[in-house]
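S.K.: My structure file structure-v9.tsv, TSV, C-alpha atoms, is below:
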chain	number	residue	atom	x	y	z
A	121	MET	CA	-43.13	-20.20	2.88
A	122	THR	CA	-41.99	-20.29	6.51
A	123	ALA	CA	-38.83	-18.70	7.78
A	124	LYS	CA	-37.48	-22.15	8.57
A	125	SER	CA	-37.84	-23.39	4.99
A	126	LEU	CA	-36.43	-20.11	3.65
A	127	LEU	CA	-33.36	-20.54	5.84
A	128	SER	CA	-33.05	-24.22	4.87
A	129	HIS	CA	-33.20	-23.52	1.14
A	130	THR	CA	-30.78	-20.61	1.48
A	131	THR	CA	-28.16	-22.67	3.29
A	132	ARG	CA	-28.51	-25.56	0.81
A	133	ILE	CA	-27.92	-23.27	-2.17
A	134	ALA	CA	-24.95	-21.69	-0.42
A	135	TRP	CA	-23.57	-25.14	0.43
A	136	LYS	CA	-23.99	-26.20	-3.21
A	137	ASP	CA	-21.89	-23.24	-4.39
A	138	LEU	CA	-19.21	-23.88	-1.76
A	139	THR	CA	-19.15	-27.59	-2.64
A	140	GLU	CA	-18.54	-26.72	-6.28
A	141	LEU	CA	-15.70	-24.46	-5.18
A	142	PHE	CA	-14.05	-27.21	-3.12
A	143	ARG	CA	-14.48	-29.78	-5.89
A	144	ASN	CA	-12.68	-27.53	-8.36
A	145	ARG	CA	-9.13	-28.39	-7.28
A	146	LEU	CA	-7.42	-25.88	-9.55
A	147	GLY	CA	-9.81	-23.14	-8.45
A	148	LEU	CA	-9.23	-24.05	-4.82
A	149	VAL	CA	-5.47	-23.89	-5.30
A	150	LEU	CA	-5.75	-20.50	-6.98
A	151	LEU	CA	-7.97	-19.34	-4.13
A	152	ILE	CA	-4.96	-19.82	-1.86
A	153	VAL	CA	-2.13	-19.03	-4.30
A	154	MET	CA	-3.51	-15.66	-5.45
A	155	PRO	CA	-3.46	-13.95	-2.02
A	156	LEU	CA	-0.23	-15.79	-1.17
A	157	PHE	CA	1.42	-14.40	-4.31
A	158	MET	CA	0.17	-10.88	-3.63
A	159	MET	CA	1.28	-10.83	-0.02
A	160	VAL	CA	4.67	-12.45	-0.63
A	161	MET	CA	5.38	-10.11	-3.54
A	162	ILE	CA	4.57	-7.01	-1.52
A	163	GLY	CA	6.24	-8.41	1.59
A	164	PHE	CA	9.58	-8.95	-0.14
A	165	ILE	CA	9.44	-5.61	-1.97
A	166	TYR	CA	8.86	-3.86	1.36
A	167	PRO	CA	10.25	-6.38	3.89
A	168	SER	CA	10.66	-3.90	6.71
A	169	GLY	CA	9.05	-0.76	5.40
A	170	ASN	CA	12.49	0.79	5.02
A	171	ILE	CA	12.76	2.36	1.59
A	172	THR	CA	16.24	3.83	2.18
A	173	PRO	CA	18.50	3.24	-0.85
A	174	ASN	CA	20.82	0.26	-0.59
A	175	ASN	CA	24.11	0.04	-2.52
A	176	MET	CA	22.80	2.25	-5.30
A	177	PRO	CA	25.43	3.28	-7.90
A	178	PHE	CA	26.32	6.90	-7.20
A	179	GLY	CA	29.03	9.28	-8.40
A	180	LEU	CA	31.24	11.61	-6.37
A	181	VAL	CA	32.74	14.48	-8.38
A	182	ASN	CA	35.38	16.79	-6.87
A	183	GLU	CA	36.01	19.97	-8.90
A	184	ASP	CA	37.59	21.82	-6.00
A	185	SER	CA	40.75	23.57	-7.26
A	186	GLY	CA	42.38	23.90	-3.86
A	187	PHE	CA	43.19	26.73	-1.48
A	188	ASN	CA	46.63	27.73	-0.11
A	189	ASN	CA	48.05	24.18	-0.17
A	190	ILE	CA	46.36	23.13	3.07
A	191	THR	CA	44.09	20.23	3.88
A	192	LEU	CA	41.04	21.08	1.86
A	193	PRO	CA	37.52	21.05	3.37
A	194	SER	CA	36.48	19.22	0.21
A	195	GLN	CA	38.88	16.39	1.06
A	196	THR	CA	37.56	16.34	4.63
A	197	PHE	CA	34.04	16.15	3.28
A	198	ILE	CA	34.87	13.28	0.93
A	199	THR	CA	36.54	11.32	3.72
A	200	GLY	CA	33.59	11.86	6.06
A	201	PHE	CA	31.07	11.06	3.33
A	202	GLU	CA	32.83	7.79	2.52
A	203	MET	CA	33.09	6.81	6.20
A	204	LEU	CA	29.42	7.54	6.78
A	205	ASN	CA	28.44	5.62	3.66
A	206	ASN	CA	30.52	2.63	4.81
A	207	GLN	CA	28.24	2.52	7.86
A	208	THR	CA	24.93	2.92	6.03
A	209	HIS	CA	25.82	1.08	2.77
A	210	MET	CA	23.32	3.29	0.96
A	211	LEU	CA	25.54	4.13	-2.01
A	212	ASN	CA	28.06	2.36	-4.19
A	213	LEU	CA	30.38	5.31	-4.84
A	214	SER	CA	32.26	5.93	-8.10
A	215	HIS	CA	35.16	8.40	-8.14
A	216	ASN	CA	37.21	10.10	-10.86
A	217	LEU	CA	34.14	11.36	-12.68
A	218	SER	CA	33.55	14.74	-14.30
A	219	VAL	CA	30.28	16.63	-14.57
A	220	ALA	CA	29.98	15.54	-18.20
A	221	ASP	CA	30.62	11.94	-17.16
A	222	VAL	CA	27.81	12.14	-14.60
A	223	THR	CA	25.26	13.25	-17.18
A	224	SER	CA	26.36	10.55	-19.60
A	225	GLU	CA	26.41	7.79	-16.96
A	226	ILE	CA	22.92	8.72	-15.72
A	227	GLN	CA	21.61	8.57	-19.27
A	228	LYS	CA	23.17	5.13	-19.71
A	229	GLY	CA	21.74	3.96	-16.40
A	230	THR	CA	25.20	3.19	-14.97
A	231	ILE	CA	24.66	5.46	-11.96
A	232	ASP	CA	21.53	6.89	-10.35
A	233	GLY	CA	23.00	10.23	-9.36
A	234	ALA	CA	26.03	12.09	-8.05
A	235	VAL	CA	27.27	14.68	-5.57
A	236	ILE	CA	29.30	17.45	-7.22
A	237	ILE	CA	31.75	19.52	-5.16
A	238	PRO	CA	32.19	22.88	-6.98
A	239	SER	CA	35.61	24.46	-7.49
A	240	ASN	CA	34.99	27.18	-4.87
A	241	PHE	CA	33.80	24.82	-2.12
A	242	SER	CA	36.96	24.89	0.03
A	243	ALA	CA	37.43	28.64	-0.41
A	244	SER	CA	33.89	29.28	0.77
A	245	ILE	CA	34.30	27.12	3.89
A	246	ILE	CA	37.67	28.65	4.87
A	247	ASN	CA	36.35	32.18	4.37
A	248	GLY	CA	33.46	31.47	6.75
A	249	GLU	CA	30.86	31.17	4.03
A	250	GLN	CA	28.47	28.36	3.22
A	251	GLY	CA	29.82	25.69	0.89
A	252	THR	CA	27.49	24.67	-1.88
A	253	LEU	CA	27.10	21.02	-2.87
A	254	ILE	CA	25.17	19.95	-5.96
A	255	VAL	CA	23.16	16.72	-5.93
A	256	ILE	CA	22.10	15.37	-9.33
A	257	THR	CA	19.73	12.40	-9.63
A	258	ASP	CA	17.99	10.45	-12.36
A	259	GLN	CA	14.84	12.50	-12.97
A	260	SER	CA	13.34	9.81	-15.22
A	261	ASN	CA	12.50	7.84	-12.05
A	262	PRO	CA	10.85	10.31	-9.62
A	263	THR	CA	10.54	7.76	-6.79
A	264	VAL	CA	14.22	6.77	-6.80
A	265	SER	CA	15.21	10.40	-7.31
A	266	ALA	CA	13.24	11.53	-4.25
A	267	GLU	CA	14.69	8.70	-2.13
A	268	LEU	CA	18.25	9.57	-3.16
A	269	GLN	CA	17.75	13.30	-2.63
A	270	GLY	CA	16.44	12.67	0.88
A	271	ALA	CA	19.07	10.09	1.84
A	272	VAL	CA	22.07	12.00	0.45
A	273	GLY	CA	20.75	15.25	1.89
A	274	GLN	CA	20.51	13.62	5.31
A	275	GLU	CA	24.12	12.41	5.13
A	276	ILE	CA	25.32	15.85	4.05
A	277	SER	CA	23.37	17.39	6.94
A	278	ILE	CA	25.04	15.01	9.40
A	279	LEU	CA	28.51	15.92	8.11
A	280	GLY	CA	27.63	19.62	8.25
A	281	THR	CA	26.51	19.28	11.87
A	282	GLN	CA	29.77	17.50	12.76
A	283	LEU	CA	31.80	20.29	11.16
A	284	ALA	CA	29.83	22.98	12.96
A	285	GLN	CA	30.20	21.10	16.24
A	286	GLN	CA	33.98	21.03	15.82
A	287	LYS	CA	34.03	24.80	15.23
A	288	VAL	CA	31.96	25.43	18.34
A	289	GLU	CA	34.27	23.21	20.41
A	290	ASN	CA	37.26	25.24	19.15
A	291	LEU	CA	35.56	28.36	20.53
A	292	SER	CA	34.97	26.80	23.94
A	293	SER	CA	38.18	28.33	25.28
A	294	ILE	CA	36.77	31.81	24.62
A	295	VAL	CA	33.06	31.30	25.17
A	296	THR	CA	31.59	28.95	27.76
A	297	VAL	CA	29.87	26.13	25.91
A	298	ASN	CA	28.43	23.26	27.92
A	299	ASN	CA	27.17	21.29	24.95
A	300	SER	CA	28.38	22.15	21.47
A	301	LEU	CA	25.63	20.11	19.82
A	302	ALA	CA	23.00	22.11	21.70
A	303	VAL	CA	24.39	25.26	20.09
A	304	ILE	CA	24.18	23.80	16.59
A	305	GLN	CA	20.89	22.01	17.10
A	306	PRO	CA	18.93	23.69	19.91
A	307	TYR	CA	15.84	21.58	19.17
A	308	THR	CA	15.56	17.81	19.05
A	309	VAL	CA	12.73	15.38	18.43
A	310	PRO	CA	12.98	11.80	19.75
A	311	SER	CA	12.68	9.17	17.05
A	312	ALA	CA	9.15	7.82	16.76
A	313	PRO	CA	8.55	4.07	16.53
A	314	SER	CA	8.98	2.99	12.92
A	315	SER	CA	5.95	1.71	11.02
A	316	SER	CA	6.51	-0.46	7.97
A	317	TYR	CA	4.81	0.11	4.65
A	318	PHE	CA	3.57	-3.46	4.87
A	319	SER	CA	1.68	-2.64	8.08
A	320	PHE	CA	-0.01	0.14	6.14
A	321	ILE	CA	-0.89	-1.93	3.11
A	322	ALA	CA	-1.88	-5.23	4.79
A	323	PRO	CA	-5.31	-4.11	6.13
A	324	GLY	CA	-6.25	-2.66	2.76
A	325	MET	CA	-5.05	-5.80	1.00
A	326	VAL	CA	-7.33	-7.89	3.21
A	327	MET	CA	-10.38	-5.85	2.20
A	328	LEU	CA	-9.26	-5.67	-1.43
A	329	THR	CA	-8.94	-9.46	-1.58
A	330	VAL	CA	-12.40	-9.85	-0.06
A	331	MET	CA	-13.86	-7.48	-2.65
A	332	MET	CA	-12.13	-9.23	-5.56
A	333	SER	CA	-13.15	-12.67	-4.32
A	334	VAL	CA	-16.80	-11.74	-3.98
A	335	MET	CA	-17.14	-9.74	-7.17
A	336	THR	CA	-15.24	-12.18	-9.40
A	337	GLY	CA	-17.11	-15.16	-7.96
A	338	LEU	CA	-20.61	-13.79	-8.52
A	339	PRO	CA	-20.52	-13.88	-12.35
A	340	VAL	CA	-19.66	-17.57	-12.14
A	341	ALA	CA	-22.23	-18.25	-9.43
A	342	ILE	CA	-25.08	-16.51	-11.27
A	343	SER	CA	-24.38	-15.82	-14.94
A	344	GLN	CA	-22.71	-19.15	-15.65
A	345	GLU	CA	-25.53	-21.11	-14.03
A	346	ARG	CA	-28.00	-19.17	-16.13
A	347	GLU	CA	-26.04	-19.94	-19.31
A	348	VAL	CA	-25.64	-23.68	-18.64
A	349	GLY	CA	-29.30	-24.02	-17.56
A	350	THR	CA	-28.93	-24.99	-13.90
A	351	MET	CA	-30.56	-21.72	-12.86
A	352	ASP	CA	-33.74	-22.83	-14.67
A	353	GLY	CA	-33.74	-25.97	-12.57
A	354	MET	CA	-33.70	-23.95	-9.36
A	355	MET	CA	-36.44	-21.66	-10.66
A	356	VAL	CA	-38.89	-24.52	-11.35
A	357	ALA	CA	-38.10	-26.14	-8.00
A	358	PRO	CA	-40.40	-25.38	-5.05
A	359	ILE	CA	-37.97	-22.77	-3.76
A	360	ASN	CA	-38.64	-19.16	-2.98
A	361	ARG	CA	-36.62	-16.97	-5.32
A	362	LEU	CA	-35.47	-14.96	-2.34
A	363	SER	CA	-33.77	-18.14	-1.13
A	364	ILE	CA	-31.80	-18.26	-4.38
A	365	ILE	CA	-30.40	-14.74	-4.07
A	366	LEU	CA	-29.73	-15.18	-0.35
A	367	GLY	CA	-28.05	-18.54	-0.97
A	368	LYS	CA	-25.83	-17.06	-3.69
A	369	ALA	CA	-24.94	-14.16	-1.41
A	370	LEU	CA	-24.18	-16.50	1.49
A	371	GLY	CA	-22.01	-18.73	-0.70
A	372	GLN	CA	-19.94	-15.79	-1.91
A	373	THR	CA	-19.72	-14.54	1.67
A	374	GLY	CA	-18.07	-17.82	2.61
A	375	ARG	CA	-15.70	-17.57	-0.36
A	376	GLY	CA	-14.73	-14.01	0.54
A	377	LEU	CA	-14.16	-14.87	4.19
A	378	ILE	CA	-11.92	-17.79	3.26
A	379	GLN	CA	-9.64	-15.58	1.20
A	380	GLY	CA	-9.77	-12.78	3.76
A	381	VAL	CA	-8.67	-15.17	6.51
A	382	ILE	CA	-5.86	-16.51	4.29
A	383	VAL	CA	-4.52	-13.00	3.66
A	384	MET	CA	-4.82	-12.13	7.32
A	385	ALA	CA	-2.95	-15.29	8.35
A	386	LEU	CA	-0.17	-14.55	5.84
A	387	ALA	CA	0.18	-10.98	7.08
A	388	LEU	CA	0.39	-12.10	10.70
A	389	GLY	CA	2.48	-15.24	10.25
A	390	LEU	CA	4.93	-14.39	7.48
A	391	PHE	CA	5.38	-10.64	7.72
A	392	GLY	CA	4.91	-9.90	11.40
A	393	VAL	CA	1.90	-7.59	11.10
A	394	VAL	CA	0.43	-6.99	14.55
A	395	ILE	CA	-3.27	-6.47	15.22
A	396	HIS	CA	-3.44	-3.76	17.89
A	397	GLY	CA	-7.23	-3.69	18.03
A	398	SER	CA	-9.97	-6.17	18.76
A	399	MET	CA	-9.86	-9.43	16.80
A	400	PHE	CA	-13.62	-9.61	17.09
A	401	LEU	CA	-13.90	-6.21	15.40
A	402	VAL	CA	-11.54	-7.34	12.63
A	403	VAL	CA	-13.78	-10.35	11.89
A	404	ALA	CA	-16.86	-8.12	12.01
A	405	LEU	CA	-15.28	-5.77	9.46
A	406	LEU	CA	-14.56	-8.74	7.18
A	407	LEU	CA	-18.24	-9.73	7.34
A	408	LEU	CA	-19.36	-6.15	6.78
A	409	GLY	CA	-17.02	-5.78	3.81
A	410	VAL	CA	-18.42	-8.93	2.23
A	411	PHE	CA	-21.96	-7.74	2.89
A	412	SER	CA	-21.26	-4.41	1.18
A	413	PHE	CA	-19.72	-5.90	-1.96
A	414	VAL	CA	-22.15	-8.81	-2.40
A	415	GLY	CA	-25.05	-6.47	-3.08
A	416	LEU	CA	-23.00	-4.46	-5.59
A	417	GLY	CA	-21.84	-7.63	-7.32
A	418	ILE	CA	-25.37	-8.99	-7.64
A	419	VAL	CA	-26.57	-5.69	-9.11
A	420	LEU	CA	-23.87	-5.71	-11.79
A	421	THR	CA	-24.35	-9.41	-12.56
A	422	SER	CA	-28.11	-8.95	-12.88
A	423	LEU	CA	-27.62	-6.12	-15.37
A	424	ALA	CA	-25.26	-8.15	-17.58
A	425	LYS	CA	-26.56	-10.45	-20.31
A	426	ASP	CA	-23.82	-13.07	-19.96
A	427	GLN	CA	-20.87	-14.08	-17.81
A	428	GLU	CA	-18.25	-12.34	-19.96
A	429	THR	CA	-20.08	-9.02	-19.81
A	430	ALA	CA	-20.54	-9.38	-16.06
A	431	GLN	CA	-16.83	-10.01	-15.54
A	432	MET	CA	-15.90	-7.01	-17.68
A	433	MET	CA	-18.25	-4.82	-15.64
A	434	MET	CA	-16.71	-6.12	-12.44
A	435	MET	CA	-13.16	-5.39	-13.62
A	436	THR	CA	-14.16	-1.93	-14.83
A	437	LEU	CA	-15.37	-1.08	-11.35
A	438	MET	CA	-12.67	-2.91	-9.37
A	439	PHE	CA	-9.72	-1.39	-11.23
A	440	PRO	CA	-10.25	2.23	-10.08
A	441	MET	CA	-11.14	1.06	-6.57
A	442	MET	CA	-7.77	-0.72	-6.30
A	443	PHE	CA	-5.85	2.53	-6.80
A	444	LEU	CA	-8.22	5.26	-5.60
A	445	SER	CA	-9.39	3.78	-2.29
A	446	GLY	CA	-6.17	4.23	-0.32
A	447	VAL	CA	-5.19	0.56	-0.37
A	448	MET	CA	-1.87	1.02	-2.19
A	449	PHE	CA	-1.19	4.71	-1.60
A	450	PRO	CA	-2.32	7.20	1.07
A	451	LEU	CA	-5.26	9.32	-0.02
A	452	GLN	CA	-3.44	12.43	1.19
A	453	GLN	CA	-0.88	12.01	-1.61
A	454	MET	CA	-3.53	12.11	-4.31
A	455	PRO	CA	-4.83	15.24	-6.07
A	456	TRP	CA	-7.92	16.76	-4.49
A	457	TYR	CA	-10.25	15.60	-7.27
A	458	MET	CA	-9.11	11.99	-6.85
A	459	GLN	CA	-9.69	12.29	-3.11
A	460	ASP	CA	-13.24	13.41	-3.89
A	461	ILE	CA	-13.74	10.38	-6.15
A	462	ALA	CA	-12.42	8.10	-3.40
A	463	LYS	CA	-15.20	9.29	-1.09
A	464	PHE	CA	-17.75	7.53	-3.31
A	465	LEU	CA	-15.96	4.15	-3.25
A	466	PRO	CA	-17.00	1.63	-0.55
A	467	LEU	CA	-13.52	0.08	-0.48
A	468	THR	CA	-12.18	3.42	0.81
A	469	TYR	CA	-14.18	3.12	4.01
A	470	ALA	CA	-13.60	-0.63	4.38
A	471	ALA	CA	-9.81	-0.22	4.09
A	472	ASP	CA	-9.79	2.84	6.36
A	473	ALA	CA	-11.75	1.08	9.10
A	474	MET	CA	-9.62	-2.08	8.94
A	475	ARG	CA	-6.39	-0.04	9.01
A	476	LYS	CA	-7.49	1.97	12.03
A	477	VAL	CA	-8.39	-1.18	13.96
A	478	MET	CA	-5.27	-3.17	13.03
A	479	VAL	CA	-2.66	-0.40	13.20
A	480	LEU	CA	-4.09	2.13	15.67
A	481	GLY	CA	-6.17	-0.19	17.86
A	482	ALA	CA	-9.33	1.83	17.19
A	483	GLY	CA	-12.68	0.88	18.68
A	484	VAL	CA	-16.22	0.96	17.30
A	485	SER	CA	-16.73	4.62	18.17
A	486	ASP	CA	-13.55	5.59	16.33
A	487	ILE	CA	-14.69	4.02	13.06
A	488	SER	CA	-18.41	4.76	13.43
A	489	THR	CA	-18.52	6.86	10.26
A	490	ASP	CA	-16.95	4.08	8.18
A	491	LEU	CA	-19.30	1.50	9.69
A	492	ILE	CA	-22.41	3.57	9.01
A	493	ILE	CA	-21.42	4.22	5.39
A	494	LEU	CA	-20.67	0.52	4.75
A	495	ILE	CA	-23.91	-0.62	6.36
A	496	VAL	CA	-26.01	1.92	4.45
A	497	PHE	CA	-24.25	1.08	1.21
A	498	GLY	CA	-24.77	-2.65	1.74
A	499	VAL	CA	-28.45	-2.25	2.61
A	500	VAL	CA	-29.10	-0.02	-0.41
A	501	MET	CA	-27.29	-2.41	-2.77
A	502	ILE	CA	-29.20	-5.44	-1.43
A	503	ALA	CA	-32.48	-3.52	-1.76
A	504	ILE	CA	-31.65	-2.80	-5.40
A	505	ALA	CA	-30.25	-6.27	-6.06
A	506	VAL	CA	-33.33	-8.28	-5.00
A	507	PRO	CA	-35.79	-6.88	-7.60
A	508	LEU	CA	-33.08	-6.79	-10.29
A	509	PHE	CA	-32.20	-10.43	-9.62
A	510	ARG	CA	-35.85	-11.47	-9.75
A	511	ARG	CA	-36.33	-9.62	-13.05
A	512	MET	CA	-33.15	-11.21	-14.42
A	513	MET	CA	-34.47	-14.71	-13.65
A	514	THR	CA	-37.68	-14.04	-15.58
A	515	ARG	CA	-35.88	-12.92	-18.73
Rewrite the structure from the file as structure tokens, please.
M.R.:
Amino acid sequence: MTAKSLLSHTTRIAWKDLTELFRNRLGLVLLIVMPLFMMVMIGFIYPSGNITPNNMPFGLVNEDSGFNNITLPSQTFITGFEMLNNQTHMLNLSHNLSVADVTSEIQKGTIDGAVIIPSNFSASIINGEQGTLIVITDQSNPTVSAELQGAVGQEISILGTQLAQQKVENLSSIVTVNNSLAVIQPYTVPSAPSSSYFSFIAPGMVMLTVMMSVMTGLPVAISQEREVGTMDGMMVAPINRLSIILGKALGQTGRGLIQGVIVMALALGLFGVVIHGSMFLVVALLLLGVFSFVGLGIVLTSLAKDQETAQMMMMTLMFPMMFLSGVMFPLQQMPWYMQDIAKFLPLTYAADAMRKVMVLGAGVSDISTDLIILIVFGVVMIAIAVPLFRRMMTR
């Protein structure tokens, strides 16, 4: 068989699979709705990447007993805390609570935490000592608890700096002070440009969608045709069996690219994600990602006896890749043994390369390791898939 006929048969088989996809109206709608749902859901959960609490129910408990009938530092703190919160709108403050009330209200879910001002707070401040503030949060939700601890701690730090600045300014008549803030905070770091969580997750979501599209489509493209008998028709036709596997791979490549482009368009158009690198390199990574996962999908489909088993095998492999490849969460936040597992997952390198190109504007040399691993993985999987597919067709 000539190369021309091999190419012709391959493209015809691929076109047949794509035609079946476009004729299936419900499947075509889901092809668009699925990535749309995923991107919109994540986009509205993290619309700007700002995970600062917003109007969260929070208690403010004042147990300060007073000191010499003067304006108490605890009252000054409460006033400043309320004024600062009116600017940030982070907390919905509840007053007139006791420590016992705080514990009970957190258990009921009425509030998410509280700041407690101990009875000796004012005395400590007036005597030149540090005043201790207690922050209690709902420990049953570690994420919310960490956000509240950080946000409330930042507000308390701001109020503490303001108080210290006032004390330094009061000393300016005795000691020459050009800038009271420089005395309290001798070091400063300019604010870095903010990067949204969605900008982090969008590149990985593109590659994840490509992987899911390819690997869920292969059981239908291969196992289902074998079950309904259309695969037998192709086998008895004067077609090289290599054309069949190449045609199936090419058809799923088209399917994966369609969904990848849809996700990319949604990220750019609806959520303002900016591609800082080469658009050509982004498209090349999409093709390389499809190439890597097609071989793996064909291997798993060839090993399965029917479509249901093939789909279960696909899901068994895709599920850990979704969470361990750095798509949803940074690898650095995972335990060391999970980071080691992630090194064996192709989606890890696909998501990492796409993220570096889209977010950091990386070039080919910057992602050379990821590219080499994906290419080698794809070649090895295709080399294994061809004989397995041929053996599967003779069963």
S.K.: Suppose you want the space between atom CA of Leu253 of chain A and atom CA of Glu275 of chain A; what is it in Å?
M.R.: 12.1 Å
S.K.: Can you work out which one of A:Val500, A:Val447, A:Leu156, A:Ile245 has the shortest atom-to-atom distance to Leu192 of chain A, counting only C-alpha atoms?
M.R.: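 Closest residue, counting only C-alpha atoms: A:Ile245.
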S.K.: Considering all atoms listed in the file, can you say which of A:Ile359, A:Gly392, A:Phe509, A:Gly376 comes closest to Leu420 of chain A?
M.R.: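 Looking at the shortest contact to Leu420 of chain A, the residue is A:Phe509.
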S.K.: Just give me the gap between atom CA of Leu338 of chain A and atom CA of Thr429 of chain A in Å, one decimal is fine.
M.R.: 12.3 Å
S.K.: Just checking: using only C-alpha atoms, which residue out of A:Gly280, A:Ala322, A:Ile198, A:Met210 ends up closest to Ala385 of chain A?
M.R.: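 Using only C-alpha atoms, Ala385 of chain A sits closest to A:Ala322.
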S.K.: I'd like the neighbourhood of segment 199-207 of chain A as a list in words, where a residue qualifies if any of its atoms comes within 8 Å (using all atoms listed in the file), though same-chain residues fewer than 2 positions away should be ignored.
M.R.: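 My reading of the contact set: Gln195, Thr196, Phe197, His209, Met210, Leu211, Glu275, Ile276 and Leu279 of chain A.
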S.K.: List the spatial neighbours of Ser265 of chain A as a short mmCIF file (atom, residue, chain, number, x, y, z; two decimals) with C-alpha atoms, in the coordinates of the input - criterion: any atom at most 12 Å away, only C-alpha atoms, same-chain residues fewer than 3 positions off excluded.
M.R.:
data_model
loop_
_atom_site.label_atom_id
_atom_site.label_comp_id
_atom_site.auth_asym_id
_atom_site.auth_seq_id
_atom_site.Cartn_x
_atom_site.Cartn_y
_atom_site.Cartn_z
CA THR A 172 16.24 3.83 2.18
CA PRO A 173 18.50 3.24 -0.85
CA MET A 176 22.80 2.25 -5.30
CA PHE A 178 26.32 6.90 -7.20
CA ILE A 226 22.92 8.72 -15.72
CA ILE A 231 24.66 5.46 -11.96
CA ASP A 232 21.53 6.89 -10.35
CA GLY A 233 23.00 10.23 -9.36
CA ALA A 234 26.03 12.09 -8.05
CA VAL A 255 23.16 16.72 -5.93
CA ILE A 256 22.10 15.37 -9.33
CA THR A 257 19.73 12.40 -9.63
CA ASP A 258 17.99 10.45 -12.36
CA GLN A 259 14.84 12.50 -12.97
CA SER A 260 13.34 9.81 -15.22
CA ASN A 261 12.50 7.84 -12.05
CA PRO A 262 10.85 10.31 -9.62
CA LEU A 268 18.25 9.57 -3.16
CA GLN A 269 17.75 13.30 -2.63
CA GLY A 270 16.44 12.67 0.88
CA ALA A 271 19.07 10.09 1.84
CA VAL A 272 22.07 12.00 0.45
CA GLY A 273 20.75 15.25 1.89
#
S.K.: Between A:Ser194, A:Ser422, A:Gln453, A:Ser333, which is the closest to Met435 of chain A once you count all atoms listed in the file?
M.R.: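 Ranked by minimum distance to Met435 of chain A, first place goes to A:Ser333.
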S.K.: Which one of A:Val410, A:Ile246, A:Lys425, A:Gly179 sits closest to Asp221 of chain A if you count all atoms listed in the file?
M.R.: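 Under the stated criterion, the closest residue is A:Gly179.
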S.K.: As a count of residues only, please: the residues near Pro339 of chain A (cut-off 12 Å, all atoms listed in the file, same-chain neighbours under 3 positions excluded).
M.R.: 35
S.K.: Interatomic distance between atom CA of Gly147 of chain A and atom CA of Ile378 of chain A?
M.R.: 13.0 Å
S.K.: Taking 5 positions as the minimum chain separation for residues in the same chain, which residues sit within 12 Å of Phe142 of chain A when counting all atoms listed in the file? Answer as a VMD selection string.
M.R.: chain A and resid 135 to 137 147 to 152 371 374 to 375 378
S.K.: With all atoms of segment 242-251 of chain A from the file as input, state the centre and edge lengths in Å to one decimal of the axis-aligned box that has 5 Å extra on each side, as AutoDock Vina command-line options.
M.R.:
--center_x 33.1 --center_y 28.5 --center_z 3.2 --size_x 19.2 --size_y 17.3 --size_z 17.2
S.K.: Residues at most 12 Å from Asp486 of chain A, counting all atoms listed in the file, excluding those fewer than 4 positions away in the same chain, as a PyMOL selection string?
M.R.: chain A and resi 397+401+472-477+480-482+490-492
